[in-house]
$ cat upload.pdb   # PDB, N, CA and C atoms
ATOM      1  N   MET R   1    -165.385 -40.915 -12.092
ATOM      2  CA  MET R   1    -166.237 -40.695 -10.922
ATOM      3  C   MET R   1    -165.424 -40.989  -9.660
ATOM      4  N   LEU R   2    -165.504 -40.110  -8.712
ATOM      5  CA  LEU R   2    -164.807 -40.310  -7.441
ATOM      6  C   LEU R   2    -165.512 -41.350  -6.585
ATOM      7  N   PRO R   3    -164.762 -42.068  -5.750
ATOM      8  CA  PRO R   3    -165.414 -43.004  -4.828
ATOM      9  C   PRO R   3    -166.171 -42.243  -3.743
ATOM     10  N   LYS R   4    -167.104 -42.919  -3.114
ATOM     11  CA  LYS R   4    -167.846 -42.350  -1.984
ATOM     12  C   LYS R   4    -166.974 -42.460  -0.738
ATOM     13  N   ALA R   5    -166.853 -41.386   0.010
ATOM     14  CA  ALA R   5    -166.123 -41.386   1.276
ATOM     15  C   ALA R   5    -166.923 -40.530   2.254
ATOM     16  N   GLU R   6    -167.418 -41.154   3.325
ATOM     17  CA  GLU R   6    -168.251 -40.440   4.295
ATOM     18  C   GLU R   6    -167.822 -40.779   5.717
ATOM     19  N   GLN R   7    -167.959 -39.804   6.591
ATOM     20  CA  GLN R   7    -167.815 -40.074   8.023
ATOM     21  C   GLN R   7    -168.782 -39.182   8.781
ATOM     22  N   HIS R   8    -169.265 -39.700   9.900
ATOM     23  CA  HIS R   8    -170.224 -38.955  10.709
ATOM     24  C   HIS R   8    -170.189 -39.459  12.156
ATOM     25  N   THR R   9    -170.653 -38.618  13.046
ATOM     26  CA  THR R   9    -170.753 -38.994  14.456
ATOM     27  C   THR R   9    -171.972 -39.875  14.648
ATOM     28  N   ILE R  10    -171.789 -40.936  15.410
ATOM     29  CA  ILE R  10    -172.875 -41.851  15.748
ATOM     30  C   ILE R  10    -172.983 -41.878  17.265
ATOM     31  N   GLU R  11    -174.183 -41.706  17.767
ATOM     32  CA  GLU R  11    -174.436 -41.819  19.201
ATOM     33  C   GLU R  11    -174.812 -43.260  19.518
ATOM     34  N   THR R  12    -174.054 -43.905  20.385
ATOM     35  CA  THR R  12    -174.373 -45.256  20.837
ATOM     36  C   THR R  12    -174.849 -45.169  22.286
ATOM     37  N   PRO R  13    -175.398 -46.243  22.831
ATOM     38  CA  PRO R  13    -175.777 -46.221  24.250
ATOM     39  C   PRO R  13    -174.565 -46.027  25.173
ATOM     40  N   PHE R  14    -173.347 -46.153  24.640
ATOM     41  CA  PHE R  14    -172.140 -46.113  25.463
ATOM     42  C   PHE R  14    -171.297 -44.871  25.224
ATOM     43  N   GLY R  15    -171.700 -44.038  24.263
ATOM     44  CA  GLY R  15    -170.974 -42.812  23.960
ATOM     45  C   GLY R  15    -170.897 -42.563  22.464
ATOM     46  N   SER R  16    -170.284 -41.457  22.105
ATOM     47  CA  SER R  16    -170.157 -41.058  20.706
ATOM     48  C   SER R  16    -168.979 -41.747  20.041
ATOM     49  N   VAL R  17    -169.144 -42.058  18.769
ATOM     50  CA  VAL R  17    -168.102 -42.667  17.938
ATOM     51  C   VAL R  17    -168.145 -41.992  16.576
ATOM     52  N   ILE R  18    -167.121 -42.243  15.777
ATOM     53  CA  ILE R  18    -167.100 -41.759  14.394
ATOM     54  C   ILE R  18    -167.269 -42.960  13.467
ATOM     55  N   GLY R  19    -168.294 -42.919  12.641
ATOM     56  CA  GLY R  19    -168.516 -43.957  11.648
ATOM     57  C   GLY R  19    -167.959 -43.503  10.310
ATOM     58  N   ALA R  20    -167.341 -44.418   9.591
ATOM     59  CA  ALA R  20    -166.770 -44.093   8.282
ATOM     60  C   ALA R  20    -167.122 -45.190   7.290
ATOM     61  N   SER R  21    -167.413 -44.776   6.071
ATOM     62  CA  SER R  21    -167.667 -45.749   5.005
ATOM     63  C   SER R  21    -167.064 -45.238   3.705
ATOM     64  N   TYR R  22    -166.614 -46.172   2.907
ATOM     65  CA  TYR R  22    -165.967 -45.885   1.631
ATOM     66  C   TYR R  22    -166.496 -46.884   0.617
ATOM     67  N   ALA R  23    -166.796 -46.413  -0.583
ATOM     68  CA  ALA R  23    -167.303 -47.306  -1.623
ATOM     69  C   ALA R  23    -166.838 -46.819  -2.988
ATOM     70  N   TRP R  24    -166.592 -47.769  -3.857
ATOM     71  CA  TRP R  24    -166.187 -47.496  -5.227
ATOM     72  C   TRP R  24    -166.763 -48.610  -6.087
ATOM     73  N   ASN R  25    -166.657 -48.469  -7.376
ATOM     74  CA  ASN R  25    -167.168 -49.495  -8.268
ATOM     75  C   ASN R  25    -166.438 -50.808  -7.992
ATOM     76  N   GLY R  26    -167.119 -51.761  -7.402
ATOM     77  CA  GLY R  26    -166.533 -53.064  -7.135
ATOM     78  C   GLY R  26    -166.112 -53.318  -5.707
ATOM     79  N   GLY R  27    -166.311 -52.385  -4.790
ATOM     80  CA  GLY R  27    -165.907 -52.663  -3.416
ATOM     81  C   GLY R  27    -166.345 -51.604  -2.429
ATOM     82  N   GLN R  28    -166.188 -51.922  -1.172
ATOM     83  CA  GLN R  28    -166.525 -51.001  -0.087
ATOM     84  C   GLN R  28    -165.902 -51.493   1.203
ATOM     85  N   TYR R  29    -165.802 -50.594   2.176
ATOM     86  CA  TYR R  29    -165.453 -50.996   3.536
ATOM     87  C   TYR R  29    -165.978 -49.956   4.500
ATOM     88  N   CYS R  30    -166.044 -50.332   5.781
ATOM     89  CA  CYS R  30    -166.560 -49.418   6.788
ATOM     90  C   CYS R  30    -165.865 -49.684   8.119
ATOM     91  N   ALA R  31    -165.965 -48.702   9.008
ATOM     92  CA  ALA R  31    -165.349 -48.813  10.326
ATOM     93  C   ALA R  31    -166.045 -47.871  11.290
ATOM     94  N   ILE R  32    -165.874 -48.175  12.573
ATOM     95  CA  ILE R  32    -166.312 -47.287  13.649
ATOM     96  C   ILE R  32    -165.092 -47.005  14.502
ATOM     97  N   HIS R  33    -164.792 -45.712  14.672
ATOM     98  CA  HIS R  33    -163.603 -45.281  15.405
ATOM     99  C   HIS R  33    -163.998 -44.768  16.788
ATOM    100  N   THR R  34    -163.295 -45.240  17.806
ATOM    101  CA  THR R  34    -163.481 -44.751  19.166
ATOM    102  C   THR R  34    -162.172 -44.109  19.633
ATOM    103  N   SER R  35    -162.175 -43.549  20.813
ATOM    104  CA  SER R  35    -160.944 -42.958  21.344
ATOM    105  C   SER R  35    -159.915 -44.021  21.722
ATOM    106  N   ARG R  36    -160.339 -45.291  21.793
ATOM    107  CA  ARG R  36    -159.423 -46.364  22.191
ATOM    108  C   ARG R  36    -159.161 -47.398  21.113
ATOM    109  N   GLY R  37    -159.951 -47.398  20.046
ATOM    110  CA  GLY R  37    -159.755 -48.412  19.032
ATOM    111  C   GLY R  37    -160.802 -48.363  17.941
ATOM    112  N   VAL R  38    -160.810 -49.405  17.112
ATOM    113  CA  VAL R  38    -161.644 -49.454  15.911
ATOM    114  C   VAL R  38    -162.382 -50.791  15.845
ATOM    115  N   VAL R  39    -163.659 -50.716  15.467
ATOM    116  CA  VAL R  39    -164.423 -51.890  15.052
ATOM    117  C   VAL R  39    -164.560 -51.746  13.544
ATOM    118  N   GLY R  40    -164.060 -52.718  12.796
ATOM    119  CA  GLY R  40    -164.063 -52.589  11.350
ATOM    120  C   GLY R  40    -164.462 -53.859  10.647
ATOM    121  N   CYS R  41    -164.622 -53.732   9.345
ATOM    122  CA  CYS R  41    -164.971 -54.886   8.524
ATOM    123  C   CYS R  41    -163.720 -55.705   8.227
ATOM    124  N   GLY R  42    -163.900 -56.778   7.491
ATOM    125  CA  GLY R  42    -162.840 -57.741   7.283
ATOM    126  C   GLY R  42    -161.671 -57.286   6.432
ATOM    127  N   ILE R  43    -161.689 -56.078   5.918
ATOM    128  CA  ILE R  43    -160.577 -55.597   5.097
ATOM    129  C   ILE R  43    -159.340 -55.278   5.942
ATOM    130  N   TYR R  44    -159.532 -55.079   7.227
ATOM    131  CA  TYR R  44    -158.423 -54.705   8.106
ATOM    132  C   TYR R  44    -157.589 -55.922   8.504
ATOM    133  N   ASP R  45    -156.348 -55.683   8.878
ATOM    134  CA  ASP R  45    -155.386 -56.740   9.183
ATOM    135  C   ASP R  45    -155.036 -56.732  10.675
ATOM    136  N   ILE R  46    -155.433 -57.773  11.387
ATOM    137  CA  ILE R  46    -155.151 -57.884  12.818
ATOM    138  C   ILE R  46    -153.652 -57.913  13.095
ATOM    139  N   ASN R  47    -152.876 -58.578  12.253
ATOM    140  CA  ASN R  47    -151.424 -58.629  12.480
ATOM    141  C   ASN R  47    -150.813 -57.239  12.467
ATOM    142  N   CYS R  48    -151.261 -56.401  11.565
ATOM    143  CA  CYS R  48    -150.759 -55.022  11.512
ATOM    144  C   CYS R  48    -151.197 -54.254  12.758
ATOM    145  N   ALA R  49    -152.452 -54.439  13.184
ATOM    146  CA  ALA R  49    -152.937 -53.787  14.406
ATOM    147  C   ALA R  49    -152.097 -54.217  15.603
ATOM    148  N   ASP R  50    -151.761 -55.497  15.678
ATOM    149  CA  ASP R  50    -150.919 -55.987  16.770
ATOM    150  C   ASP R  50    -149.518 -55.380  16.698
ATOM    151  N   GLU R  51    -148.964 -55.293  15.499
ATOM    152  CA  GLU R  51    -147.612 -54.741  15.341
ATOM    153  C   GLU R  51    -147.527 -53.305  15.854
ATOM    154  N   PHE R  52    -148.613 -52.531  15.673
ATOM    155  CA  PHE R  52    -148.633 -51.137  16.100
ATOM    156  C   PHE R  52    -149.380 -50.931  17.419
ATOM    157  N   SER R  53    -149.693 -52.020  18.121
ATOM    158  CA  SER R  53    -150.376 -51.962  19.429
ATOM    159  C   SER R  53    -151.682 -51.168  19.372
ATOM    160  N   MET R  54    -152.491 -51.472  18.372
ATOM    161  CA  MET R  54    -153.783 -50.813  18.196
ATOM    162  C   MET R  54    -154.907 -51.764  18.582
ATOM    163  N   ALA R  55    -155.959 -51.219  19.178
ATOM    164  CA  ALA R  55    -157.136 -52.015  19.529
ATOM    165  C   ALA R  55    -158.046 -52.106  18.309
ATOM    166  N   PHE R  56    -158.162 -53.310  17.745
ATOM    167  CA  PHE R  56    -159.014 -53.545  16.583
ATOM    168  C   PHE R  56    -159.883 -54.762  16.828
ATOM    169  N   ALA R  57    -161.151 -54.651  16.426
ATOM    170  CA  ALA R  57    -162.081 -55.775  16.410
ATOM    171  C   ALA R  57    -162.617 -55.865  14.988
ATOM    172  N   ILE R  58    -162.522 -57.048  14.405
ATOM    173  CA  ILE R  58    -162.888 -57.236  13.004
ATOM    174  C   ILE R  58    -164.159 -58.071  12.888
ATOM    175  N   ALA R  59    -165.110 -57.541  12.125
ATOM    176  CA  ALA R  59    -166.325 -58.273  11.769
ATOM    177  C   ALA R  59    -166.230 -58.601  10.287
ATOM    178  N   LYS R  60    -166.869 -59.666   9.880
ATOM    179  CA  LYS R  60    -166.769 -60.065   8.480
ATOM    180  C   LYS R  60    -168.148 -60.194   7.867
ATOM    181  N   GLY R  61    -168.346 -59.492   6.763
ATOM    182  CA  GLY R  61    -169.564 -59.642   5.979
ATOM    183  C   GLY R  61    -169.381 -60.775   4.979
ATOM    184  N   THR R  62    -170.327 -60.918   4.104
ATOM    185  CA  THR R  62    -170.253 -61.911   3.022
ATOM    186  C   THR R  62    -170.588 -61.191   1.720
ATOM    187  N   PRO R  63    -170.279 -61.801   0.578
ATOM    188  CA  PRO R  63    -170.685 -61.171  -0.688
ATOM    189  C   PRO R  63    -172.198 -60.940  -0.758
ATOM    190  N   GLU R  64    -172.965 -61.825  -0.137
ATOM    191  CA  GLU R  64    -174.422 -61.669  -0.141
ATOM    192  C   GLU R  64    -174.898 -60.610   0.849
ATOM    193  N   HIS R  65    -174.154 -60.415   1.933
ATOM    194  CA  HIS R  65    -174.514 -59.453   2.983
ATOM    195  C   HIS R  65    -173.268 -58.674   3.402
ATOM    196  N   PRO R  66    -172.787 -57.793   2.521
ATOM    197  CA  PRO R  66    -171.578 -57.044   2.857
ATOM    198  C   PRO R  66    -171.844 -56.002   3.941
ATOM    199  N   LEU R  67    -170.786 -55.644   4.635
ATOM    200  CA  LEU R  67    -170.852 -54.571   5.623
ATOM    201  C   LEU R  67    -170.531 -53.276   4.876
ATOM    202  N   ARG R  68    -171.551 -52.466   4.621
ATOM    203  CA  ARG R  68    -171.396 -51.264   3.800
ATOM    204  C   ARG R  68    -171.308 -49.983   4.631
ATOM    205  N   GLU R  69    -172.106 -49.907   5.656
ATOM    206  CA  GLU R  69    -172.190 -48.695   6.479
ATOM    207  C   GLU R  69    -171.730 -49.017   7.898
ATOM    208  N   PRO R  70    -171.209 -48.035   8.622
ATOM    209  CA  PRO R  70    -170.727 -48.330   9.965
ATOM    210  C   PRO R  70    -171.796 -48.944  10.871
ATOM    211  N   GLU R  71    -173.027 -48.529  10.701
ATOM    212  CA  GLU R  71    -174.105 -49.088  11.524
ATOM    213  C   GLU R  71    -174.312 -50.573  11.264
ATOM    214  N   ASP R  72    -173.896 -51.068  10.087
ATOM    215  CA  ASP R  72    -173.977 -52.504   9.803
ATOM    216  C   ASP R  72    -173.100 -53.307  10.764
ATOM    217  N   LEU R  73    -172.093 -52.670  11.329
ATOM    218  CA  LEU R  73    -171.183 -53.349  12.250
ATOM    219  C   LEU R  73    -171.811 -53.603  13.623
ATOM    220  N   PHE R  74    -172.854 -52.871  13.985
ATOM    221  CA  PHE R  74    -173.458 -53.023  15.311
ATOM    222  C   PHE R  74    -173.862 -54.467  15.608
ATOM    223  N   HIS R  75    -174.496 -55.125  14.645
ATOM    224  CA  HIS R  75    -175.029 -56.470  14.873
ATOM    225  C   HIS R  75    -174.173 -57.559  14.241
ATOM    226  N   ALA R  76    -173.100 -57.167  13.574
ATOM    227  CA  ALA R  76    -172.200 -58.145  12.976
ATOM    228  C   ALA R  76    -171.370 -58.822  14.062
ATOM    229  N   LYS R  77    -171.048 -60.086  13.839
ATOM    230  CA  LYS R  77    -170.232 -60.842  14.801
ATOM    231  C   LYS R  77    -168.750 -60.544  14.599
ATOM    232  N   ILE R  78    -168.056 -60.345  15.704
ATOM    233  CA  ILE R  78    -166.619 -60.133  15.676
ATOM    234  C   ILE R  78    -165.947 -61.482  15.446
ATOM    235  N   VAL R  79    -165.010 -61.515  14.481
ATOM    236  CA  VAL R  79    -164.327 -62.771  14.149
ATOM    237  C   VAL R  79    -162.855 -62.765  14.558
ATOM    238  N   ALA R  80    -162.288 -61.587  14.809
ATOM    239  CA  ALA R  80    -160.880 -61.493  15.206
ATOM    240  C   ALA R  80    -160.670 -60.212  16.002
ATOM    241  N   VAL R  81    -159.757 -60.264  16.968
ATOM    242  CA  VAL R  81    -159.428 -59.082  17.769
ATOM    243  C   VAL R  81    -157.914 -58.992  17.948
ATOM    244  N   SER R  82    -157.442 -57.778  18.085
ATOM    245  CA  SER R  82    -156.021 -57.573  18.357
ATOM    246  C   SER R  82    -155.754 -57.827  19.843
ATOM    247  N   ARG R  83    -154.475 -57.927  20.183
ATOM    248  CA  ARG R  83    -154.102 -58.125  21.598
ATOM    249  C   ARG R  83    -154.622 -56.987  22.470
ATOM    250  N   VAL R  84    -154.469 -55.749  22.007
ATOM    251  CA  VAL R  84    -154.907 -54.603  22.812
ATOM    252  C   VAL R  84    -156.429 -54.619  22.979
ATOM    253  N   ALA R  85    -157.163 -54.963  21.941
ATOM    254  CA  ALA R  85    -158.621 -55.068  22.064
ATOM    255  C   ALA R  85    -158.992 -56.159  23.052
ATOM    256  N   SER R  86    -158.282 -57.276  23.009
ATOM    257  CA  SER R  86    -158.524 -58.357  23.962
ATOM    258  C   SER R  86    -158.305 -57.885  25.391
ATOM    259  N   GLU R  87    -157.281 -57.088  25.607
ATOM    260  CA  GLU R  87    -157.011 -56.546  26.946
ATOM    261  C   GLU R  87    -158.127 -55.624  27.427
ATOM    262  N   LEU R  88    -158.878 -55.031  26.487
ATOM    263  CA  LEU R  88    -160.023 -54.188  26.841
ATOM    264  C   LEU R  88    -161.282 -55.014  27.110
ATOM    265  N   GLY R  89    -161.197 -56.331  26.867
ATOM    266  CA  GLY R  89    -162.339 -57.215  27.102
ATOM    267  C   GLY R  89    -163.099 -57.590  25.855
ATOM    268  N   VAL R  90    -162.607 -57.211  24.686
ATOM    269  CA  VAL R  90    -163.261 -57.551  23.424
ATOM    270  C   VAL R  90    -162.851 -58.968  23.035
ATOM    271  N   SER R  91    -163.818 -59.762  22.552
ATOM    272  CA  SER R  91    -163.494 -61.132  22.159
ATOM    273  C   SER R  91    -164.320 -61.553  20.942
ATOM    274  N   PRO R  92    -163.781 -62.503  20.162
ATOM    275  CA  PRO R  92    -164.554 -63.034  19.036
ATOM    276  C   PRO R  92    -165.891 -63.585  19.520
ATOM    277  N   GLY R  93    -166.916 -63.418  18.684
ATOM    278  CA  GLY R  93    -168.256 -63.869  19.035
ATOM    279  C   GLY R  93    -169.141 -62.742  19.539
ATOM    280  N   MET R  94    -168.531 -61.671  20.045
ATOM    281  CA  MET R  94    -169.311 -60.502  20.454
ATOM    282  C   MET R  94    -169.904 -59.846  19.208
ATOM    283  N   THR R  95    -170.898 -59.009  19.415
ATOM    284  CA  THR R  95    -171.364 -58.161  18.321
ATOM    285  C   THR R  95    -170.474 -56.918  18.276
ATOM    286  N   GLY R  96    -170.561 -56.196  17.189
ATOM    287  CA  GLY R  96    -169.823 -54.941  17.097
ATOM    288  C   GLY R  96    -170.220 -53.975  18.197
ATOM    289  N   LEU R  97    -171.512 -53.921  18.525
ATOM    290  CA  LEU R  97    -171.978 -53.019  19.576
ATOM    291  C   LEU R  97    -171.421 -53.419  20.938
ATOM    292  N   GLU R  98    -171.370 -54.719  21.218
ATOM    293  CA  GLU R  98    -170.765 -55.178  22.476
ATOM    294  C   GLU R  98    -169.284 -54.815  22.526
ATOM    295  N   SER R  99    -168.609 -54.884  21.399
ATOM    296  CA  SER R  99    -167.201 -54.495  21.340
ATOM    297  C   SER R  99    -167.039 -53.004  21.594
ATOM    298  N   LEU R 100    -167.946 -52.202  21.033
ATOM    299  CA  LEU R 100    -167.893 -50.761  21.280
ATOM    300  C   LEU R 100    -168.086 -50.441  22.753
ATOM    301  N   GLU R 101    -168.972 -51.189  23.417
ATOM    302  CA  GLU R 101    -169.164 -50.978  24.850
ATOM    303  C   GLU R 101    -167.847 -51.150  25.600
ATOM    304  N   LYS R 102    -167.095 -52.182  25.263
ATOM    305  CA  LYS R 102    -165.792 -52.417  25.921
ATOM    306  C   LYS R 102    -164.800 -51.308  25.587
ATOM    307  N   MET R 103    -164.775 -50.891  24.327
ATOM    308  CA  MET R 103    -163.816 -49.858  23.912
ATOM    309  C   MET R 103    -164.154 -48.484  24.484
ATOM    310  N   LEU R 104    -165.423 -48.249  24.770
ATOM    311  CA  LEU R 104    -165.845 -46.947  25.292
ATOM    312  C   LEU R 104    -165.877 -46.908  26.822
ATOM    313  N   ALA R 105    -165.738 -48.042  27.487
ATOM    314  CA  ALA R 105    -165.784 -48.076  28.958
ATOM    315  C   ALA R 105    -164.620 -47.265  29.528
ATOM    316  N   ASP R 106    -164.937 -46.335  30.394
ATOM    317  CA  ASP R 106    -163.921 -45.538  31.090
ATOM    318  C   ASP R 106    -162.917 -44.919  30.133
ATOM    319  N   SER R 107    -163.381 -44.419  28.983
ATOM    320  CA  SER R 107    -162.446 -43.859  28.005
ATOM    321  C   SER R 107    -162.419 -42.334  28.017
ATOM    322  N   ASP R 108    -162.750 -41.741  29.140
ATOM    323  CA  ASP R 108    -162.785 -40.275  29.232
ATOM    324  C   ASP R 108    -161.511 -39.628  28.805
TER     325      ASP R 108
END

$ encode --input "upload.pdb" --output "structure tokens"
Amino acid sequence: MLPKAEQHTIETPFGSVIGASYAWNGGQYCAIHTSRGVVGCGIYDINCADEFSMAFAIAKGTPEHPLREPEDLFHAKIVAVSRVASELGVSPGMTGLESLEKMLADSD
């Protein structure tokens, strides 16, 4: 059986983004992609994002409440951010939606 892989456009109060989710027997991850960066679940590596100068904000689910769908990231708390995301105004403690607002600001 193939794993589930989906992506779709999501309209936020701050603009359009691409939501992506992937799932297989025993695991899953999700992310929201903007023109300036990514809000993702805890599977992503901030050090790698920093090495490539990418704007990343990481939220972390738990085994009891995993982040399965991109919309789950809206209310999840950000636990780590890359340097570039920090320069955009994203900081730990924000929600995913607040982080998207920063990443979408003036991103024409």

$ closest_residue --input "upload.pdb" --among "R:Ala80, R:Ile18, R:Ala23, R:Ile46" --to "R:Leu2" --atoms "all atoms listed in the file"
R:Ala23

$ atom_distance --input "upload.pdb" --atom1 "atom N of R:Gln28" --atom2 "atom C of R:Gly15"
25.9 Å

$ resolve_selection --input "upload.pdb" --expression "the PyMOL selection byres (((chain R and resi 85 and name CA) around 9) and name CA)" --output "ChimeraX atom specification"
/R:36-38,54-57,81-84,86-91,99,102-103

$ write_last_selection --input "upload.pdb" --atoms "N, CA and C atoms" --output "short mmCIF file (atom, residue, chain, number, x, y, z; two decimals), in the frame of the given file"
data_model
loop_
_atom_site.label_atom_id
_atom_site.label_comp_id
_atom_site.auth_asym_id
_atom_site.auth_seq_id
_atom_site.Cartn_x
_atom_site.Cartn_y
_atom_site.Cartn_z
N ARG R 36 -160.34 -45.29 21.79
CA ARG R 36 -159.42 -46.36 22.19
C ARG R 36 -159.16 -47.40 21.11
N GLY R 37 -159.95 -47.40 20.05
CA GLY R 37 -159.76 -48.41 19.03
C GLY R 37 -160.80 -48.36 17.94
N VAL R 38 -160.81 -49.40 17.11
CA VAL R 38 -161.64 -49.45 15.91
C VAL R 38 -162.38 -50.79 15.84
N MET R 54 -152.49 -51.47 18.37
CA MET R 54 -153.78 -50.81 18.20
C MET R 54 -154.91 -51.76 18.58
N ALA R 55 -155.96 -51.22 19.18
CA ALA R 55 -157.14 -52.02 19.53
C ALA R 55 -158.05 -52.11 18.31
N PHE R 56 -158.16 -53.31 17.74
CA PHE R 56 -159.01 -53.54 16.58
C PHE R 56 -159.88 -54.76 16.83
N ALA R 57 -161.15 -54.65 16.43
CA ALA R 57 -162.08 -55.78 16.41
C ALA R 57 -162.62 -55.86 14.99
N VAL R 81 -159.76 -60.26 16.97
CA VAL R 81 -159.43 -59.08 17.77
C VAL R 81 -157.91 -58.99 17.95
N SER R 82 -157.44 -57.78 18.08
CA SER R 82 -156.02 -57.57 18.36
C SER R 82 -155.75 -57.83 19.84
N ARG R 83 -154.48 -57.93 20.18
CA ARG R 83 -154.10 -58.12 21.60
C ARG R 83 -154.62 -56.99 22.47
N VAL R 84 -154.47 -55.75 22.01
CA VAL R 84 -154.91 -54.60 22.81
C VAL R 84 -156.43 -54.62 22.98
N SER R 86 -158.28 -57.28 23.01
CA SER R 86 -158.52 -58.36 23.96
C SER R 86 -158.30 -57.88 25.39
N GLU R 87 -157.28 -57.09 25.61
CA GLU R 87 -157.01 -56.55 26.95
C GLU R 87 -158.13 -55.62 27.43
N LEU R 88 -158.88 -55.03 26.49
CA LEU R 88 -160.02 -54.19 26.84
C LEU R 88 -161.28 -55.01 27.11
N GLY R 89 -161.20 -56.33 26.87
CA GLY R 89 -162.34 -57.22 27.10
C GLY R 89 -163.10 -57.59 25.86
N VAL R 90 -162.61 -57.21 24.69
CA VAL R 90 -163.26 -57.55 23.42
C VAL R 90 -162.85 -58.97 23.04
N SER R 91 -163.82 -59.76 22.55
CA SER R 91 -163.49 -61.13 22.16
C SER R 91 -164.32 -61.55 20.94
N SER R 99 -168.61 -54.88 21.40
CA SER R 99 -167.20 -54.50 21.34
C SER R 99 -167.04 -53.00 21.59
N LYS R 102 -167.10 -52.18 25.26
CA LYS R 102 -165.79 -52.42 25.92
C LYS R 102 -164.80 -51.31 25.59
N MET R 103 -164.78 -50.89 24.33
CA MET R 103 -163.82 -49.86 23.91
C MET R 103 -164.15 -48.48 24.48
#

$ residues_around --input "upload.pdb" --residues "R:Pro63" --least-positions-apart "3" --cutoff "12 Å" --atoms "only C-alpha atoms" --output "number ranges by chain"
R: 26-28, 42, 60, 66-68

$ atom_distance --input "upload.pdb" --atom1 "atom N of R:Asn47" --atom2 "atom N of R:Gly19"
22.0 Å

$ select_by_dssp --input "upload.pdb" --residues "chain R" --states "alpha helix (DSSP H)" --output "MDAnalysis selection string"
chainID R and resid 46:51 83:87 96:104

$ residues_around --input "upload.pdb" --residues "R:Leu73" --least-positions-apart "2" --cutoff "9 Å" --atoms "only C-alpha atoms" --output "PyMOL selection string"
chain R and resi 30-32+39-41+59-60+67-71+75-78+95-97

$ decode --input "upload.pdb" --residues "stretch 8-20 of chain R" --atoms "N, CA and C atoms" --output "short mmCIF file (atom, residue, chain, number, x, y, z; two decimals), in the first residue's frame"
data_model
loop_
_atom_site.label_atom_id
_atom_site.label_comp_id
_atom_site.auth_asym_id
_atom_site.auth_seq_id
_atom_site.Cartn_x
_atom_site.Cartn_y
_atom_site.Cartn_z
N HIS R 8 -2.73 20.87 -0.77
CA HIS R 8 -3.84 21.69 -1.23
C HIS R 8 -3.63 23.15 -0.80
N THR R 9 -4.30 24.03 -1.50
CA THR R 9 -4.25 25.45 -1.16
C THR R 9 -5.16 25.71 0.03
N ILE R 10 -4.65 26.49 0.97
CA ILE R 10 -5.41 26.88 2.15
C ILE R 10 -5.48 28.40 2.15
N GLU R 11 -6.66 28.94 2.32
CA GLU R 11 -6.84 30.38 2.46
C GLU R 11 -6.77 30.75 3.93
N THR R 12 -5.84 31.61 4.30
CA THR R 12 -5.73 32.10 5.67
C THR R 12 -6.18 33.56 5.68
N PRO R 13 -6.38 34.15 6.84
CA PRO R 13 -6.72 35.58 6.89
C PRO R 13 -5.60 36.46 6.32
N PHE R 14 -4.41 35.89 6.10
CA PHE R 14 -3.25 36.68 5.68
C PHE R 14 -2.81 36.38 4.25
N GLY R 15 -3.46 35.41 3.61
CA GLY R 15 -3.13 35.06 2.23
C GLY R 15 -3.17 33.55 2.02
N SER R 16 -2.91 33.15 0.80
CA SER R 16 -2.94 31.73 0.43
C SER R 16 -1.63 31.05 0.76
N VAL R 17 -1.72 29.79 1.15
CA VAL R 17 -0.57 28.95 1.46
C VAL R 17 -0.83 27.57 0.87
N ILE R 18 0.20 26.74 0.84
CA ILE R 18 0.05 25.35 0.41
C ILE R 18 0.22 24.46 1.64
N GLY R 19 -0.79 23.67 1.93
CA GLY R 19 -0.72 22.71 3.02
C GLY R 19 -0.35 21.34 2.47
N ALA R 20 0.49 20.63 3.19
CA ALA R 20 0.91 19.29 2.75
C ALA R 20 0.88 18.34 3.94
#
